[in-house]
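Asks: Before I ask anything, let me first share the structure, which is written out below as structure tokens.
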Number of protein chains: 2
Amino acid sequence: MAAPSGPVAASTDAERAMFDFVDAYDRAYETAALGHGLSVAQACVLGRLTRQIGMRELADELNCDASNITQIISRLEARDLVHRRPHPGDGRSRQIVRTSDGAALYAAFEESFEFARSATANLSAREQAQLATLLRKALNGTREPNS
Amino acid sequence: MAAPSGPVAASTDAERAMFDFVDAYDRAYETAALGHGLSVAQACVLGRLTRQIGMRELADELNCDASNITQIISRLEARDLVHRRPHPGDGRSRQIVRTSDGAALYAAFEESFEFARSATANLSAREQAQLATLLRKALNGTREPNS
DNA sequence: CGTAGATACTTGACCCAATTAAGTATCTAC
DNA sequence: GTAGATACTTAATTGGGTCAAGTATCTACG
């Protein structure tokens, strides 16, 4: 199933288009991840590991509990995609790094996730710019101007 | 965590905007669902029950296994949000219907899921139409012209 | 120093989603 | 009337997610 599936309410044409797009995006992401033996969560985590990063930081970025990260990292580590190393200055903290296997697998996953590339490829440069602008403007309507 | 979190690759500006939008949409959907004691999956299922529908049909629409639907419906039924009734013409099949509680809860969920409404509200009618057109065009690039 | 409280992570228990493999009941077709 | 398909259920297993405790380490302050 994956994610928000099934359009919400009658709503407007624009809302339906948004929904359809989000639904397709989510499905494509999951399919690409599964194709490389990764769950969505694992792919998300692997994708964050372009630099060394602590568990806490990861949990905050992904908006979830630290214990959740512990188990995801443990599974990735069991497959040698990731490595825990002690933090030099802080004995409580671990730094997570991708192994070369992990980096290679993630690169392959990204390569196979062609949704966003295909989607933009179908638009002219001008249309791409327009779409990005409209999406950002729409997104701004959904948040209070916080902080 | 919820869904495709963490941008994929460097990519283009349009791709980043797509990702940010999808991510925000998914998070908002999940938050709204949780706010009414529903999981994402449960909200999706409840949302499909505007008409009587069989388990099989539900599974196909949501692109998942029938046994998955069985357990989701069972949980919803335990909370009296949904009801199984025998199919008049086919003894193997059950028709699922929302109870009035289920309909009320789903209406409240929809009401609280303001993401798509807020997003479109921030655009003029002309921009909304443009966005819908661009999203659909982008989406068309992601599929072979099948069937 | 030494201790109180915060912080980083882990562990265990629990719930839900999802898949797989079997199993039951019913239907269809020959 | 029986073989095979179909609709659903059940049980087992995996993984994601949260919560409540627990351990180790760090920080601050007396």
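For the structure tokens, the naming scheme is as follows: chains receive sequential letters (A, B, ...) according to their order of presentation, residues are indexed from 1 within each chain, and ligands are indexed from 1 in presentation order.
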After a least-squares superposition of chain B onto chain A, with every Cα atom paired in order, give the RMSD to one decimal place.

Replies: 0.1 Å

Asks: Give me the residues of chain B that have any atom at most 6 Å from an atom of chain A; for each, the nearest atom pair and the distance in Å, rounded to one decimal. Use only C-alpha atoms, sort by chain and number, and format it as JSON lines.

Replies:
{"residue": "B:Met1", "atom": "CA", "partner": "A:Cys64", "partner_atom": "CA", "distance": 5.6}
{"residue": "B:Ser5", "atom": "CA", "partner": "A:Cys44", "partner_atom": "CA", "distance": 5.5}
{"residue": "B:Gly6", "atom": "CA", "partner": "A:Cys44", "partner_atom": "CA", "distance": 5.6}
{"residue": "B:Ala14", "atom": "CA", "partner": "A:Ala132", "partner_atom": "CA", "distance": 4.8}
{"residue": "B:Glu15", "atom": "CA", "partner": "A:Ala116", "partner_atom": "CA", "distance": 5.7}
{"residue": "B:Ala17", "atom": "CA", "partner": "A:Ala132", "partner_atom": "CA", "distance": 5.4}
{"residue": "B:Val22", "atom": "CA", "partner": "A:Val22", "partner_atom": "CA", "distance": 5.4}
{"residue": "B:Cys44", "atom": "CA", "partner": "A:Ser5", "partner_atom": "CA", "distance": 5.5}
{"residue": "B:Leu62", "atom": "CA", "partner": "A:Met1", "partner_atom": "CA", "distance": 5.6}
{"residue": "B:Asn63", "atom": "CA", "partner": "A:Met1", "partner_atom": "CA", "distance": 5.7}
{"residue": "B:Cys64", "atom": "CA", "partner": "A:Met1", "partner_atom": "CA", "distance": 5.6}
{"residue": "B:Phe115", "atom": "CA", "partner": "A:Thr142", "partner_atom": "CA", "distance": 5.8}
{"residue": "B:Ala116", "atom": "CA", "partner": "A:Glu15", "partner_atom": "CA", "distance": 5.7}
{"residue": "B:Ser118", "atom": "CA", "partner": "A:Thr142", "partner_atom": "CA", "distance": 5.2}
{"residue": "B:Ala119", "atom": "CA", "partner": "A:Ala138", "partner_atom": "CA", "distance": 4.2}
{"residue": "B:Asn122", "atom": "CA", "partner": "A:Gly141", "partner_atom": "CA", "distance": 5.1}
{"residue": "B:Gln128", "atom": "CA", "partner": "A:Ala14", "partner_atom": "CA", "distance": 5.8}
{"residue": "B:Ala132", "atom": "CA", "partner": "A:Ala14", "partner_atom": "CA", "distance": 4.8}
{"residue": "B:Ala138", "atom": "CA", "partner": "A:Ala119", "partner_atom": "CA", "distance": 4.3}
{"residue": "B:Leu139", "atom": "CA", "partner": "A:Ala119", "partner_atom": "CA", "distance": 5.7}
{"residue": "B:Gly141", "atom": "CA", "partner": "A:Asn122", "partner_atom": "CA", "distance": 5.0}
{"residue": "B:Thr142", "atom": "CA", "partner": "A:Ser118", "partner_atom": "CA", "distance": 5.2}

Asks: I'd like a table as a Markdown table: residues in chain A with an atom no more than 12 Å from chain D, each row giving the shortest atom pair and its distance in Å to one decimal, only C-alpha atoms (C1' of nucleotides) counted, sorted by chain and rising residue number.

Replies:
| residue | atom | partner | partner_atom | distance |
| --- | --- | --- | --- | --- |
| A:Leu38 | CA | D:DG15 | C1' | 10.8 |
| A:Ser39 | CA | D:DG15 | C1' | 8.3 |
| A:Val40 | CA | D:DG16 | C1' | 9.7 |
| A:Ala41 | CA | D:DG16 | C1' | 7.7 |
| A:Gln42 | CA | D:DG16 | C1' | 10.0 |
| A:Asn63 | CA | D:DG17 | C1' | 11.2 |
| A:Cys64 | CA | D:DG17 | C1' | 8.0 |
| A:Asp65 | CA | D:DT18 | C1' | 7.3 |
| A:Ala66 | CA | D:DT18 | C1' | 10.2 |
| A:Ser67 | CA | D:DT18 | C1' | 8.8 |
| A:Asn68 | CA | D:DG17 | C1' | 6.6 |
| A:Ile69 | CA | D:DG17 | C1' | 10.0 |
| A:Thr70 | CA | D:DG16 | C1' | 11.7 |
| A:Gln71 | CA | D:DG16 | C1' | 9.3 |
| A:Ile72 | CA | D:DG16 | C1' | 8.7 |
| A:Arg75 | CA | D:DG15 | C1' | 9.9 |
| A:His87 | CA | D:DT25 | C1' | 11.7 |
| A:Gly89 | CA | D:DC26 | C1' | 10.2 |
| A:Asp90 | CA | D:DT25 | C1' | 7.6 |
| A:Gly91 | CA | D:DT25 | C1' | 5.8 |
| A:Arg92 | CA | D:DT25 | C1' | 5.3 |
| A:Ser93 | CA | D:DT25 | C1' | 8.9 |

Asks: What is the atom CA of Gly102 of chain A-atom CA of Pro88 of chain A distance in Å, reported with one decimal?

Replies: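 Taking atom CA of Gly102 of chain A as the start and atom CA of Pro88 of chain A as the end point, the length is 22.6 Å.
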
Asks: Dump as CSV the rows for residues of chain C within 7 Å of chain B: closest atom pair and distance in Å with one decimal, only C-alpha atoms (C1' of nucleotides) counted, ordered by chain and rising residue number.

Replies:
residue,atom,partner,partner_atom,distance
C:DA18,C1',B:Asn68,CA,6.5
C:DA25,C1',B:Arg92,CA,6.6
C:DT26,C1',B:Arg92,CA,5.2

Asks: Next, the residues of the selection above should be written as a short mmCIF file (atom, residue, chain, number, x, y, z; two decimals), in the first residue's frame with C-alpha atoms (C1' of nucleotides).

Replies:
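What follows is the written file out03.cif:
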data_model
loop_
_atom_site.label_atom_id
_atom_site.label_comp_id
_atom_site.auth_asym_id
_atom_site.auth_seq_id
_atom_site.Cartn_x
_atom_site.Cartn_y
_atom_site.Cartn_z
"C1'" DA C 18 2.77 -6.20 4.92
"C1'" DA C 25 -16.07 -22.13 1.64
"C1'" DT C 26 -18.19 -21.13 -2.46
#

Asks: So which bits of segment 102-133 of chain B end up alpha helix (DSSP H) when you DSSP the backbone, as a list in words?

Replies: Gly102, Ala103, Ala104, Leu105, Tyr106, Ala107, Ala108, Phe109, Glu110, Glu111, Ser112, Phe115, Ala116, Arg117, Ser118, Ala119, Thr120, Ala121, Ala125, Arg126, Glu127, Gln128, Ala129, Gln130, Leu131, Ala132 and Thr133 of chain B

Asks: Do you have the atom CA of Leu81 of chain A-atom CA of Gly37 of chain A distance handy?

Replies: 11.7 Å

Asks: One number please: atom CA of His83 of chain A to atom C1' of DA17 of chain C, in Å, one decimal.

Replies: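 Going from atom CA of His83 of chain A over to atom C1' of DA17 of chain C covers 28.2 Å.
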
Asks: Could you give me the residues within chain A that DSSP places in strand (DSSP E), as a ChimeraX atom specification?

Replies: /A:53-54,82-86,94-98

Asks: Would you write out those residues with N, CA and C atoms, as a short mmCIF file (atom, residue, chain, number, x, y, z; two decimals), in the first residue's frame?

Replies:
data_model
loop_
_atom_site.label_atom_id
_atom_site.label_comp_id
_atom_site.auth_asym_id
_atom_site.auth_seq_id
_atom_site.Cartn_x
_atom_site.Cartn_y
_atom_site.Cartn_z
N ILE A 53 27.28 11.21 10.75
CA ILE A 53 26.15 11.80 11.45
C ILE A 53 25.82 10.92 12.64
N GLY A 54 25.36 11.52 13.71
CA GLY A 54 25.02 10.76 14.91
C GLY A 54 23.59 10.24 14.86
N VAL A 82 26.57 -0.14 6.42
CA VAL A 82 26.71 0.99 7.32
C VAL A 82 27.61 0.56 8.47
N HIS A 83 28.23 1.52 9.11
CA HIS A 83 29.16 1.19 10.17
C HIS A 83 29.01 2.19 11.32
N ARG A 84 29.01 1.66 12.55
CA ARG A 84 28.98 2.55 13.72
C ARG A 84 30.42 2.77 14.17
N ARG A 85 30.80 4.01 14.37
CA ARG A 85 32.10 4.24 14.98
C ARG A 85 31.95 5.21 16.13
N PRO A 86 32.81 5.07 17.14
CA PRO A 86 32.70 5.92 18.32
C PRO A 86 32.93 7.38 17.96
N ARG A 94 27.58 7.79 18.76
CA ARG A 94 28.22 7.03 17.67
C ARG A 94 28.04 7.80 16.38
N GLN A 95 29.03 7.69 15.54
CA GLN A 95 28.97 8.27 14.21
C GLN A 95 28.62 7.16 13.24
N ILE A 96 27.65 7.42 12.41
CA ILE A 96 27.26 6.42 11.42
C ILE A 96 27.86 6.80 10.08
N VAL A 97 28.45 5.84 9.42
CA VAL A 97 28.98 6.08 8.08
C VAL A 97 28.56 4.94 7.16
N ARG A 98 28.38 5.28 5.90
CA ARG A 98 28.10 4.25 4.91
C ARG A 98 29.39 3.52 4.60
#
